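This is coords-v5.cif (mmCIF, N, CA and C atoms).
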```cif
data_work
loop_
_atom_site.group_PDB
_atom_site.id
_atom_site.type_symbol
_atom_site.label_atom_id
_atom_site.label_comp_id
_atom_site.auth_asym_id
_atom_site.auth_seq_id
_atom_site.Cartn_x
_atom_site.Cartn_y
_atom_site.Cartn_z
ATOM 1 N N MET A 133 -29.730 -10.710 15.061
ATOM 2 C CA MET A 133 -28.520 -10.484 14.323
ATOM 3 C C MET A 133 -27.787 -11.807 14.067
ATOM 4 N N LEU A 134 -27.776 -12.682 15.034
ATOM 5 C CA LEU A 134 -27.085 -13.966 14.840
ATOM 6 C C LEU A 134 -27.743 -14.790 13.739
ATOM 7 N N ALA A 135 -29.066 -14.664 13.604
ATOM 8 C CA ALA A 135 -29.760 -15.373 12.527
ATOM 9 C C ALA A 135 -29.308 -14.840 11.173
ATOM 10 N N ASP A 136 -29.082 -13.533 11.084
ATOM 11 C CA ASP A 136 -28.600 -12.940 9.830
ATOM 12 C C ASP A 136 -27.187 -13.424 9.507
ATOM 13 N N ILE A 137 -26.352 -13.530 10.518
ATOM 14 C CA ILE A 137 -24.984 -14.025 10.307
ATOM 15 C C ILE A 137 -25.018 -15.490 9.873
ATOM 16 N N ASP A 138 -25.904 -16.271 10.475
ATOM 17 C CA ASP A 138 -26.044 -17.669 10.056
ATOM 18 C C ASP A 138 -26.497 -17.760 8.599
ATOM 19 N N GLU A 139 -27.390 -16.859 8.196
ATOM 20 C CA GLU A 139 -27.847 -16.842 6.809
ATOM 21 C C GLU A 139 -26.698 -16.504 5.855
ATOM 22 N N LEU A 140 -25.856 -15.548 6.243
ATOM 23 C CA LEU A 140 -24.691 -15.209 5.414
ATOM 24 C C LEU A 140 -23.723 -16.385 5.320
ATOM 25 N N LYS A 141 -23.592 -17.148 6.386
ATOM 26 C CA LYS A 141 -22.738 -18.337 6.343
ATOM 27 C C LYS A 141 -23.314 -19.395 5.408
ATOM 28 N N LYS A 142 -24.631 -19.565 5.438
ATOM 29 C CA LYS A 142 -25.267 -20.539 4.559
ATOM 30 C C LYS A 142 -25.090 -20.162 3.096
ATOM 31 N N MET A 143 -25.089 -18.865 2.808
ATOM 32 C CA MET A 143 -24.947 -18.385 1.437
ATOM 33 C C MET A 143 -23.469 -18.247 1.043
ATOM 34 N N LEU A 144 -22.567 -18.698 1.926
ATOM 35 C CA LEU A 144 -21.114 -18.717 1.696
ATOM 36 C C LEU A 144 -20.504 -17.320 1.565
ATOM 37 N N TRP A 145 -21.123 -16.324 2.193
ATOM 38 C CA TRP A 145 -20.533 -14.986 2.254
ATOM 39 C C TRP A 145 -19.538 -14.904 3.402
ATOM 40 N N LEU A 146 -19.764 -15.683 4.447
ATOM 41 C CA LEU A 146 -18.877 -15.727 5.613
ATOM 42 C C LEU A 146 -18.458 -17.165 5.852
ATOM 43 N N ASP A 147 -17.219 -17.339 6.317
ATOM 44 C CA ASP A 147 -16.766 -18.667 6.713
ATOM 45 C C ASP A 147 -15.823 -18.539 7.903
ATOM 46 N N GLU A 148 -15.138 -19.620 8.270
ATOM 47 C CA GLU A 148 -14.286 -19.613 9.461
ATOM 48 C C GLU A 148 -13.050 -18.744 9.297
ATOM 49 N N ARG A 149 -12.717 -18.354 8.076
ATOM 50 C CA ARG A 149 -11.566 -17.477 7.843
ATOM 51 C C ARG A 149 -11.921 -15.994 7.812
ATOM 52 N N THR A 150 -13.210 -15.684 7.897
ATOM 53 C CA THR A 150 -13.650 -14.282 7.889
ATOM 54 C C THR A 150 -13.240 -13.623 9.206
ATOM 55 N N ARG A 151 -12.603 -12.464 9.118
ATOM 56 C CA ARG A 151 -12.157 -11.751 10.315
ATOM 57 C C ARG A 151 -12.903 -10.448 10.542
ATOM 58 N N ALA A 152 -13.593 -9.939 9.503
ATOM 59 C CA ALA A 152 -14.344 -8.693 9.673
ATOM 60 C C ALA A 152 -15.429 -8.593 8.605
ATOM 61 N N MET A 153 -16.492 -7.890 8.968
ATOM 62 C CA MET A 153 -17.574 -7.595 8.031
ATOM 63 C C MET A 153 -17.864 -6.104 8.160
ATOM 64 N N PHE A 154 -17.928 -5.411 7.028
ATOM 65 C CA PHE A 154 -18.154 -3.967 7.016
ATOM 66 C C PHE A 154 -19.519 -3.680 6.400
ATOM 67 N N VAL A 155 -20.294 -2.845 7.076
ATOM 68 C CA VAL A 155 -21.608 -2.433 6.576
ATOM 69 C C VAL A 155 -21.613 -0.905 6.569
ATOM 70 N N HIS A 156 -21.808 -0.319 5.387
ATOM 71 C CA HIS A 156 -21.815 1.137 5.238
ATOM 72 C C HIS A 156 -23.143 1.552 4.607
ATOM 73 N N PHE A 157 -23.787 2.562 5.180
ATOM 74 C CA PHE A 157 -25.000 3.095 4.576
ATOM 75 C C PHE A 157 -25.211 4.529 5.049
ATOM 76 N N SER A 158 -26.029 5.253 4.296
ATOM 77 C CA SER A 158 -26.354 6.636 4.632
ATOM 78 C C SER A 158 -27.860 6.771 4.767
ATOM 79 N N VAL A 159 -28.275 7.667 5.640
ATOM 80 C CA VAL A 159 -29.700 7.939 5.827
ATOM 81 C C VAL A 159 -29.914 9.452 5.852
ATOM 82 N N TYR A 160 -31.126 9.860 5.521
ATOM 83 C CA TYR A 160 -31.481 11.279 5.518
ATOM 84 C C TYR A 160 -32.770 11.458 6.289
ATOM 85 N N ASN A 161 -32.809 12.445 7.177
ATOM 86 C CA ASN A 161 -34.012 12.786 7.926
ATOM 87 C C ASN A 161 -34.490 14.141 7.418
ATOM 88 N N ALA A 162 -35.574 14.136 6.646
ATOM 89 C CA ALA A 162 -36.090 15.367 6.043
ATOM 90 C C ALA A 162 -36.678 16.311 7.089
ATOM 91 N N ASN A 163 -37.189 15.795 8.190
ATOM 92 C CA ASN A 163 -37.770 16.655 9.221
ATOM 93 C C ASN A 163 -36.738 17.586 9.839
ATOM 94 N N PHE A 164 -35.521 17.102 9.996
ATOM 95 C CA PHE A 164 -34.458 17.898 10.622
ATOM 96 C C PHE A 164 -33.364 18.295 9.637
ATOM 97 N N ASN A 165 -33.506 17.898 8.368
ATOM 98 C CA ASN A 165 -32.533 18.202 7.328
ATOM 99 C C ASN A 165 -31.138 17.698 7.709
ATOM 100 N N LEU A 166 -31.082 16.457 8.174
ATOM 101 C CA LEU A 166 -29.833 15.859 8.628
ATOM 102 C C LEU A 166 -29.498 14.618 7.805
ATOM 103 N N TYR A 167 -28.218 14.473 7.507
ATOM 104 C CA TYR A 167 -27.688 13.264 6.891
ATOM 105 C C TYR A 167 -26.850 12.527 7.929
ATOM 106 N N ALA A 168 -26.868 11.209 7.864
ATOM 107 C CA ALA A 168 -26.016 10.410 8.742
ATOM 108 C C ALA A 168 -25.312 9.350 7.910
ATOM 109 N N ALA A 169 -23.997 9.292 8.064
ATOM 110 C CA ALA A 169 -23.195 8.230 7.457
ATOM 111 C C ALA A 169 -22.937 7.202 8.557
ATOM 112 N N CYS A 170 -23.356 5.980 8.304
ATOM 113 C CA CYS A 170 -23.262 4.924 9.311
ATOM 114 C C CYS A 170 -22.276 3.865 8.837
ATOM 115 N N ASN A 171 -21.318 3.571 9.675
ATOM 116 C CA ASN A 171 -20.318 2.534 9.393
ATOM 117 C C ASN A 171 -20.345 1.539 10.547
ATOM 118 N N LEU A 172 -20.656 0.309 10.213
ATOM 119 C CA LEU A 172 -20.688 -0.753 11.221
ATOM 120 C C LEU A 172 -19.613 -1.771 10.857
ATOM 121 N N ILE A 173 -18.744 -2.035 11.799
ATOM 122 C CA ILE A 173 -17.697 -3.033 11.609
ATOM 123 C C ILE A 173 -17.945 -4.147 12.627
ATOM 124 N N PHE A 174 -17.922 -5.364 12.147
ATOM 125 C CA PHE A 174 -18.059 -6.528 13.021
ATOM 126 C C PHE A 174 -16.771 -7.327 12.908
ATOM 127 N N ARG A 175 -16.044 -7.426 14.007
ATOM 128 C CA ARG A 175 -14.802 -8.208 14.017
ATOM 129 C C ARG A 175 -15.103 -9.603 14.550
ATOM 130 N N PHE A 176 -14.573 -10.594 13.870
ATOM 131 C CA PHE A 176 -14.746 -11.988 14.265
ATOM 132 C C PHE A 176 -13.406 -12.510 14.764
ATOM 133 N N SER A 177 -13.351 -12.912 16.011
ATOM 134 C CA SER A 177 -12.105 -13.469 16.549
ATOM 135 C C SER A 177 -12.009 -14.949 16.168
ATOM 136 N N PRO A 178 -10.812 -15.519 16.193
ATOM 137 C CA PRO A 178 -10.673 -16.948 15.898
ATOM 138 C C PRO A 178 -11.484 -17.833 16.857
ATOM 139 N N GLY A 179 -11.750 -17.325 18.065
ATOM 140 C CA GLY A 179 -12.526 -18.088 19.037
ATOM 141 C C GLY A 179 -14.030 -17.959 18.869
ATOM 142 N N GLY A 180 -14.487 -17.148 17.906
ATOM 143 C CA GLY A 180 -15.917 -17.029 17.637
ATOM 144 C C GLY A 180 -16.595 -15.823 18.270
ATOM 145 N N VAL A 181 -15.830 -14.951 18.913
ATOM 146 C CA VAL A 181 -16.419 -13.760 19.539
ATOM 147 C C VAL A 181 -16.610 -12.690 18.469
ATOM 148 N N ILE A 182 -17.802 -12.079 18.437
ATOM 149 C CA ILE A 182 -18.109 -11.013 17.488
ATOM 150 C C ILE A 182 -18.080 -9.687 18.240
ATOM 151 N N THR A 183 -17.229 -8.762 17.786
ATOM 152 C CA THR A 183 -17.113 -7.449 18.412
ATOM 153 C C THR A 183 -17.655 -6.398 17.445
ATOM 154 N N PRO A 184 -18.798 -5.756 17.803
ATOM 155 C CA PRO A 184 -19.330 -4.714 16.928
ATOM 156 C C PRO A 184 -18.654 -3.374 17.207
ATOM 157 N N ILE A 185 -18.376 -2.630 16.147
ATOM 158 C CA ILE A 185 -17.780 -1.302 16.275
ATOM 159 C C ILE A 185 -18.631 -0.338 15.435
ATOM 160 N N PRO A 186 -19.554 0.400 16.069
ATOM 161 C CA PRO A 186 -20.386 1.341 15.309
ATOM 162 C C PRO A 186 -19.735 2.724 15.229
ATOM 163 N N LYS A 187 -19.873 3.380 14.074
ATOM 164 C CA LYS A 187 -19.395 4.752 13.902
ATOM 165 C C LYS A 187 -20.455 5.508 13.107
ATOM 166 N N PHE A 188 -20.848 6.669 13.635
ATOM 167 C CA PHE A 188 -21.877 7.477 12.987
ATOM 168 C C PHE A 188 -21.385 8.908 12.853
ATOM 169 N N LYS A 189 -21.609 9.507 11.690
ATOM 170 C CA LYS A 189 -21.303 10.914 11.479
ATOM 171 C C LYS A 189 -22.577 11.586 10.988
ATOM 172 N N VAL A 190 -23.012 12.613 11.709
ATOM 173 C CA VAL A 190 -24.249 13.315 11.367
ATOM 174 C C VAL A 190 -23.893 14.722 10.906
ATOM 175 N N ARG A 191 -24.520 15.128 9.799
ATOM 176 C CA ARG A 191 -24.275 16.469 9.261
ATOM 177 C C ARG A 191 -25.589 17.111 8.855
ATOM 178 N N LYS A 192 -25.654 18.409 9.050
ATOM 179 C CA LYS A 192 -26.802 19.178 8.619
ATOM 180 C C LYS A 192 -26.524 19.692 7.213
ATOM 181 N N ASP A 193 -27.517 19.600 6.343
ATOM 182 C CA ASP A 193 -27.392 20.098 4.981
ATOM 183 C C ASP A 193 -27.774 21.567 4.980
ATOM 184 N N ASN A 194 -26.788 22.442 4.791
ATOM 185 C CA ASN A 194 -27.029 23.873 4.822
ATOM 186 C C ASN A 194 -27.276 24.474 3.438
ATOM 187 N N ARG A 195 -27.241 23.641 2.398
ATOM 188 C CA ARG A 195 -27.483 24.167 1.060
ATOM 189 C C ARG A 195 -28.951 24.536 0.894
ATOM 190 N N ARG A 196 -29.193 25.602 0.177
ATOM 191 C CA ARG A 196 -30.553 26.075 -0.081
ATOM 192 C C ARG A 196 -30.981 25.660 -1.487
ATOM 193 N N CYS A 197 -32.186 25.196 -1.606
ATOM 194 C CA CYS A 197 -32.756 24.890 -2.927
ATOM 195 C C CYS A 197 -33.517 26.114 -3.413
ATOM 196 N N LEU A 198 -33.290 26.503 -4.667
ATOM 197 C CA LEU A 198 -33.968 27.683 -5.219
ATOM 198 C C LEU A 198 -35.137 27.281 -6.066
#
```

Here is the file; what I need is its structure written in the form of structure tokens.
Amino acid sequence: MLADIDELKKMLWLDERTRAMFVHFSVYNANFNLYAACNLIFRFSPGGVITPIPKFKVRKDNRRCL
């Protein structure tokens, strides 16, 4: 993960003034008919500490296809 953050810094997506990075994505598991909304927040402190905050919401799709 640190290598990915270094790559983002090289590409000027992150710098010393960045305080948070948000990553949002959704996934679907067809075997169990489940959707998951994934929210990852990475907080950057002024001292260089990275605090990850993961949040996941899983839902079953109850709709029927005809």

Evaluated on this file, the PyMOL selection byres ((chain A and resi 165-176) around 6.5) picks out some residues - which ones are they, written as a ChimeraX atom specification? /A:150-164,177-193

Go through chain A and collect every residue that DSSP, computed from the backbone, puts in alpha helix (DSSP H); the answer should be as a ChimeraX atom specification. /A:134-142

Å distance separating atom N of A:Arg149 from atom CA of A:Leu134, one decimal place: 16.5 Å
